[in-house]
Amino acid sequence: MSKLKQFLQDSETKAFDVGHRQTIKFNIGKYNTAVQRGLTQYSDHELARERASYIKTNTIKDLDKYLMEFESNFTARGGKVIWARDAEEALKEIGQIMKRKRARSVVKSKSMSTEEIHLNTYLEKHGIDVVETDLGEYIVQLAEQRPYHIVTPAMHMSKKDISDLFVKKLNIAPTDDAQELVLTARKLLRDKYTAAEVGITGANFLLADIGGIALTENEGNARLSTAFPKTHIAIVGIEKLLPSVMDLDLFWPLLSTSGTGQTVTVYNTILTGPRQPEEKDGPEEMYVVLLDNGRTELLSKPEKREALNCIRCGACLNVCPVYKNIGGHTYESTYSGPIGSVITPHLSGMAENKHLSFASTLCGACTSVCPVKINLHNLLLLNRKQSVEEGLADKSEHTTFNLWLKAMKSRKLLNLAPAGIKNIVLKQVLKNSWSKRREPLKVAPKSFNQLWKERQK
Ligand code: SF4
């Protein structure tokens, strides 16, 4: 089945799944309330957004310069940088490190770039045990699912769903105590940190001036994943750069406020390389995999490259009426919601993913909440335009618009049929789309042209 057909089918199912709607409404509702509360910490939130947008736009414009600066500062402290053009290259390099380290087990903290390259599947195929240490990721890993949301991977599951999952997969007694569920996962994960040869993370930001990565999390699991194993690999999209560590005073609170409503996330860590001689803990080796995977394709399009400003806060998902109806899994892509619909066609192919850019009401709610002011709904329109220019539009759609254009340009053709006949045609043409769940569209009994002529008499 094509991705478009699958998308339409899944959207239809999810949009009418009352249980799913209730869970999402409840969980997103909690976030939206917290975000509103969090925003009160700003005396001028708009100014913060403008500053962030300015910094990111300039950084992306000079991405090559900042990437080189990052590499030279990071390697100066003993870190190793791997440049990966695509998922295949990244996986090959990571596989070689695993071989060198004779790794049998890996602890991983939440990272969308590892989802993007399907790292877990690759490692498991090579006999390496991978454990997700972020609670939400751990839950979706147990459920054998993809993350549902870029910030809260298990957002679609209720407490009862998680309890049922733990009963089934971990053989615990049924419980509705959230604390107990957390403790169960925590107990199981503790030993994994000390046993793993390699720890894998993403990074929220790359810091060019100090050659470091910045990690943001609420559970402390990323710290444990980078402190115990002897090798740390961070897989990071090249767009995650900030020029300076000093920029974090703007970006850290902006990220947490927009994502979860927190003033600042609980654990914020900066890592600048492997353990230094005078340091007590940390890995013996640290690698940063700089992942392109389609990002330079976006960079090459000046009118669209602002999509690379994204700091993955998830705010645009939480306000999107389409996301709230069809849910994260329906997108069948690593990144869902408005930002997913914007970047997926560039990261994973326009032909297979262009439909995502059409799955939007263009209401602009996403644009209005984006902390780095990405004009998301405009970018969706530009993707649509690109797909038409590349000849990817559906043939029947092309024919329909050509006929419509011809008719709209000819008064004679427009007046050819009376309203009754037009309504029969509209009913027939739109029966499987617009009219499926709505009153059929009807033209007025008299056209404006007729009314105007009558008035002139
Ligand atoms: S596009 Fe903006 S709102 Fe959406 S995840 Fe990225 S930074 Fe957040």
# chains A, B, ... in the order shown; residues from 1 in each chain; ligands from 1
>>> select_by_dssp(residues="segment 216-399 of chain A", states="alpha helix (DSSP H)", output="ChimeraX atom specification")
/A:221-227,248-259,295-299,315-319,321-326,337-348,350-353,355-358,365-369,376-389,395-399
>>> residues_near_ligand(ligand="ligand 1", cutoff="12 Å", atoms="only C-alpha atoms and all ligand atoms", output="ChimeraX atom specification")
/A:49,52-53,56,112,149-152,204,239-240,251,254-260,306-320,335-343,364-377,379-380
>>> closest_residue(among="A:Leu67, A:Ala419, A:Leu91, A:Leu207", to="His118 of chain A", atoms="only C-alpha atoms")
A:Leu91
>>> closest_atom_pairs(of="segment 48-155 of chain A", to="segment 348-355 of chain A", cutoff="12 Å", atoms="only C-alpha atoms", output="CSV")
residue,atom,partner,partner_atom,distance
A:Asp86,CA,A:Ser348,CA,10.5
A:Ala87,CA,A:Ser348,CA,10.7
A:Glu116,CA,A:Ser348,CA,9.6
A:Ile117,CA,A:Ser348,CA,10.9
>>> write_last_selection(atoms="N, CA and C atoms", output="CSV table (one decimal), in the first residue's frame")
chain,number,residue,atom,x,y,z
A,86,ASP,N,24.4,10.2,5.4
A,86,ASP,CA,23.1,9.7,5.5
A,86,ASP,C,23.1,8.6,6.6
A,87,ALA,N,21.9,8.0,6.7
A,87,ALA,CA,21.7,7.0,7.8
A,87,ALA,C,22.7,5.9,7.6
A,116,GLU,N,15.6,8.5,13.6
A,116,GLU,CA,15.7,8.8,12.2
A,116,GLU,C,16.5,7.8,11.4
A,117,ILE,N,17.6,7.3,12.0
A,117,ILE,CA,18.5,6.4,11.3
A,117,ILE,C,18.1,4.9,11.6
>>> closest_residue(among="A:Glu285, A:Asn449, A:Gly220, A:Lys280", to="Asn268 of chain A", atoms="only C-alpha atoms")
A:Gly220
>>> closest_residue(among="A:Ala214, A:Leu242, A:Ile162, A:Ala359", to="Arg384 of chain A", atoms="only C-alpha atoms")
A:Ala359
>>> select_by_dssp(residues="segment 66-110 of chain A", states="strand (DSSP E)", output="ChimeraX atom specification")
/A:80-84,105-108
>>> write_last_selection(atoms="N, CA and C atoms", output="mmCIF file, in the first residue's frame")
data_model
loop_
_atom_site.group_PDB
_atom_site.id
_atom_site.type_symbol
_atom_site.label_atom_id
_atom_site.label_comp_id
_atom_site.auth_asym_id
_atom_site.auth_seq_id
_atom_site.Cartn_x
_atom_site.Cartn_y
_atom_site.Cartn_z
ATOM 1 N N LYS A 80 36.034 12.870 19.207
ATOM 2 C CA LYS A 80 36.173 12.464 17.795
ATOM 3 C C LYS A 80 34.891 12.793 17.067
ATOM 4 N N VAL A 81 35.052 13.361 15.876
ATOM 5 C CA VAL A 81 33.872 13.743 15.086
ATOM 6 C C VAL A 81 33.747 12.828 13.874
ATOM 7 N N ILE A 82 32.527 12.353 13.653
ATOM 8 C CA ILE A 82 32.256 11.537 12.462
ATOM 9 C C ILE A 82 31.225 12.291 11.622
ATOM 10 N N TRP A 83 31.539 12.514 10.368
ATOM 11 C CA TRP A 83 30.595 13.190 9.464
ATOM 12 C C TRP A 83 29.818 12.114 8.715
ATOM 13 N N ALA A 84 28.500 12.147 8.846
ATOM 14 C CA ALA A 84 27.697 11.113 8.172
ATOM 15 C C ALA A 84 26.745 11.774 7.188
ATOM 16 N N SER A 105 26.093 -4.602 24.900
ATOM 17 C CA SER A 105 24.885 -3.874 25.318
ATOM 18 C C SER A 105 25.109 -2.358 25.284
ATOM 19 N N VAL A 106 24.005 -1.664 25.028
ATOM 20 C CA VAL A 106 24.041 -0.212 24.860
ATOM 21 C C VAL A 106 22.913 0.408 25.682
ATOM 22 N N VAL A 107 23.215 1.489 26.399
ATOM 23 C CA VAL A 107 22.117 2.256 27.016
ATOM 24 C C VAL A 107 21.938 3.529 26.198
ATOM 25 N N LYS A 108 20.686 3.871 26.002
ATOM 26 C CA LYS A 108 20.394 4.989 25.095
ATOM 27 C C LYS A 108 19.478 5.969 25.782
#
>>> residues_around(residues="Gly29 of chain A", least_positions_apart="6", cutoff="12 Å", atoms="only C-alpha atoms", output="list in words")
Arg21, Gln22, Thr23, Val35, Gln36, Met155, Thr260, Gly261, Asn318, Val319 and Lys324 of chain A
>>> atom_distance(atom1="atom CA of Ser109 of chain A", atom2="atom CA of Leu356 of chain A")
28.1 Å
>>> residues_around(residues="Gly273 of chain A", least_positions_apart="4", cutoff="9 Å", atoms="only C-alpha atoms", output="number ranges by chain")
A: 74-80, 211-213, 282-283, 285-287
>>> write_last_selection(atoms="all heavy atoms", output="compact mmCIF listing (two decimals), in the first residue's frame")
# COMPACT_ATOMS: atom_id res chain seq x y z
N PHE A 74 36.03 20.64 19.63
CA PHE A 74 35.69 19.36 20.26
C PHE A 74 36.87 18.38 20.17
O PHE A 74 37.20 17.70 21.14
CB PHE A 74 34.45 18.76 19.57
CG PHE A 74 33.97 17.47 20.15
CD1 PHE A 74 33.47 17.41 21.45
CD2 PHE A 74 34.02 16.30 19.40
CE1 PHE A 74 33.01 16.20 21.99
CE2 PHE A 74 33.57 15.10 19.94
CZ PHE A 74 33.07 15.05 21.23
N THR A 75 37.53 18.36 19.02
CA THR A 75 38.65 17.43 18.87
C THR A 75 39.86 17.88 19.70
O THR A 75 40.67 17.06 20.11
CB THR A 75 39.04 17.26 17.38
OG1 THR A 75 39.19 18.56 16.80
CG2 THR A 75 37.99 16.51 16.61
N ALA A 76 39.96 19.18 19.96
CA ALA A 76 41.09 19.68 20.77
C ALA A 76 41.09 19.07 22.17
O ALA A 76 42.13 18.96 22.81
CB ALA A 76 41.02 21.20 20.86
N ARG A 77 39.91 18.67 22.65
CA ARG A 77 39.85 18.05 24.00
C ARG A 77 39.76 16.53 23.90
O ARG A 77 39.34 15.85 24.84
CB ARG A 77 38.64 18.60 24.76
CG ARG A 77 38.85 20.04 25.25
CD ARG A 77 37.60 20.56 25.91
NE ARG A 77 37.16 19.76 27.04
CZ ARG A 77 37.57 19.93 28.30
NH1 ARG A 77 38.46 20.87 28.56
NH2 ARG A 77 37.11 19.18 29.26
N GLY A 78 40.08 16.00 22.76
CA GLY A 78 40.14 14.53 22.64
C GLY A 78 38.87 13.89 22.09
O GLY A 78 38.80 12.66 21.96
N GLY A 79 37.85 14.69 21.76
CA GLY A 79 36.63 14.14 21.17
C GLY A 79 36.87 13.75 19.72
O GLY A 79 37.81 14.24 19.08
N LYS A 80 36.03 12.87 19.21
CA LYS A 80 36.17 12.46 17.80
C LYS A 80 34.89 12.79 17.07
O LYS A 80 33.80 12.53 17.58
CB LYS A 80 36.46 10.97 17.70
CG LYS A 80 37.83 10.66 18.24
CD LYS A 80 38.13 9.19 18.26
CE LYS A 80 39.50 8.98 18.88
NZ LYS A 80 39.59 7.87 19.77
N GLY A 211 33.05 23.71 21.69
CA GLY A 211 33.13 22.34 21.17
C GLY A 211 32.41 21.37 22.09
O GLY A 211 32.96 20.35 22.50
N GLY A 212 31.17 21.69 22.44
CA GLY A 212 30.44 20.82 23.37
C GLY A 212 29.04 20.48 22.87
O GLY A 212 28.56 21.05 21.89
N ILE A 213 28.43 19.54 23.57
CA ILE A 213 27.02 19.25 23.28
C ILE A 213 26.21 19.57 24.54
O ILE A 213 26.71 19.42 25.67
CB ILE A 213 26.76 17.78 22.86
CG1 ILE A 213 27.05 16.78 24.00
CG2 ILE A 213 27.59 17.40 21.64
CD1 ILE A 213 26.47 15.40 23.77
N GLY A 282 33.18 9.99 33.62
CA GLY A 282 33.01 10.29 32.20
C GLY A 282 33.62 9.19 31.35
O GLY A 282 34.39 8.37 31.85
N PRO A 283 33.28 9.15 30.08
CA PRO A 283 33.75 8.07 29.20
C PRO A 283 35.21 8.24 28.79
O PRO A 283 35.75 9.34 28.79
CB PRO A 283 32.83 8.22 27.99
CG PRO A 283 32.49 9.67 27.96
CD PRO A 283 32.45 10.14 29.38
N GLU A 285 36.17 7.47 25.79
CA GLU A 285 36.11 7.99 24.41
C GLU A 285 34.75 8.62 24.17
O GLU A 285 33.72 8.11 24.64
CB GLU A 285 36.27 6.84 23.41
CG GLU A 285 37.71 6.51 23.10
CD GLU A 285 37.81 5.69 21.83
OE1 GLU A 285 37.36 4.53 21.85
OE2 GLU A 285 38.32 6.21 20.83
N MET A 286 34.75 9.73 23.44
CA MET A 286 33.47 10.36 23.09
C MET A 286 33.45 10.71 21.60
O MET A 286 34.39 11.33 21.09
CB MET A 286 33.23 11.61 23.93
CG MET A 286 31.90 12.29 23.58
SD MET A 286 31.56 13.69 24.67
CE MET A 286 30.15 14.41 23.81
N TYR A 287 32.41 10.26 20.94
CA TYR A 287 32.24 10.55 19.51
C TYR A 287 31.00 11.42 19.31
O TYR A 287 29.99 11.21 19.99
CB TYR A 287 31.99 9.25 18.72
CG TYR A 287 33.12 8.27 18.73
CD1 TYR A 287 33.27 7.36 19.78
CD2 TYR A 287 34.05 8.24 17.68
CE1 TYR A 287 34.30 6.44 19.79
CE2 TYR A 287 35.09 7.32 17.69
CZ TYR A 287 35.21 6.43 18.73
OH TYR A 287 36.24 5.51 18.74
>>> closest_residue(among="A:Glu137, A:Asp129, A:Glu197, A:Asp17", to="Glu115 of chain A", atoms="only C-alpha atoms")
A:Glu137
>>> atom_distance(atom1="atom CA of Lys427 of chain A", atom2="atom CA of Glu439 of chain A")
9.6 Å
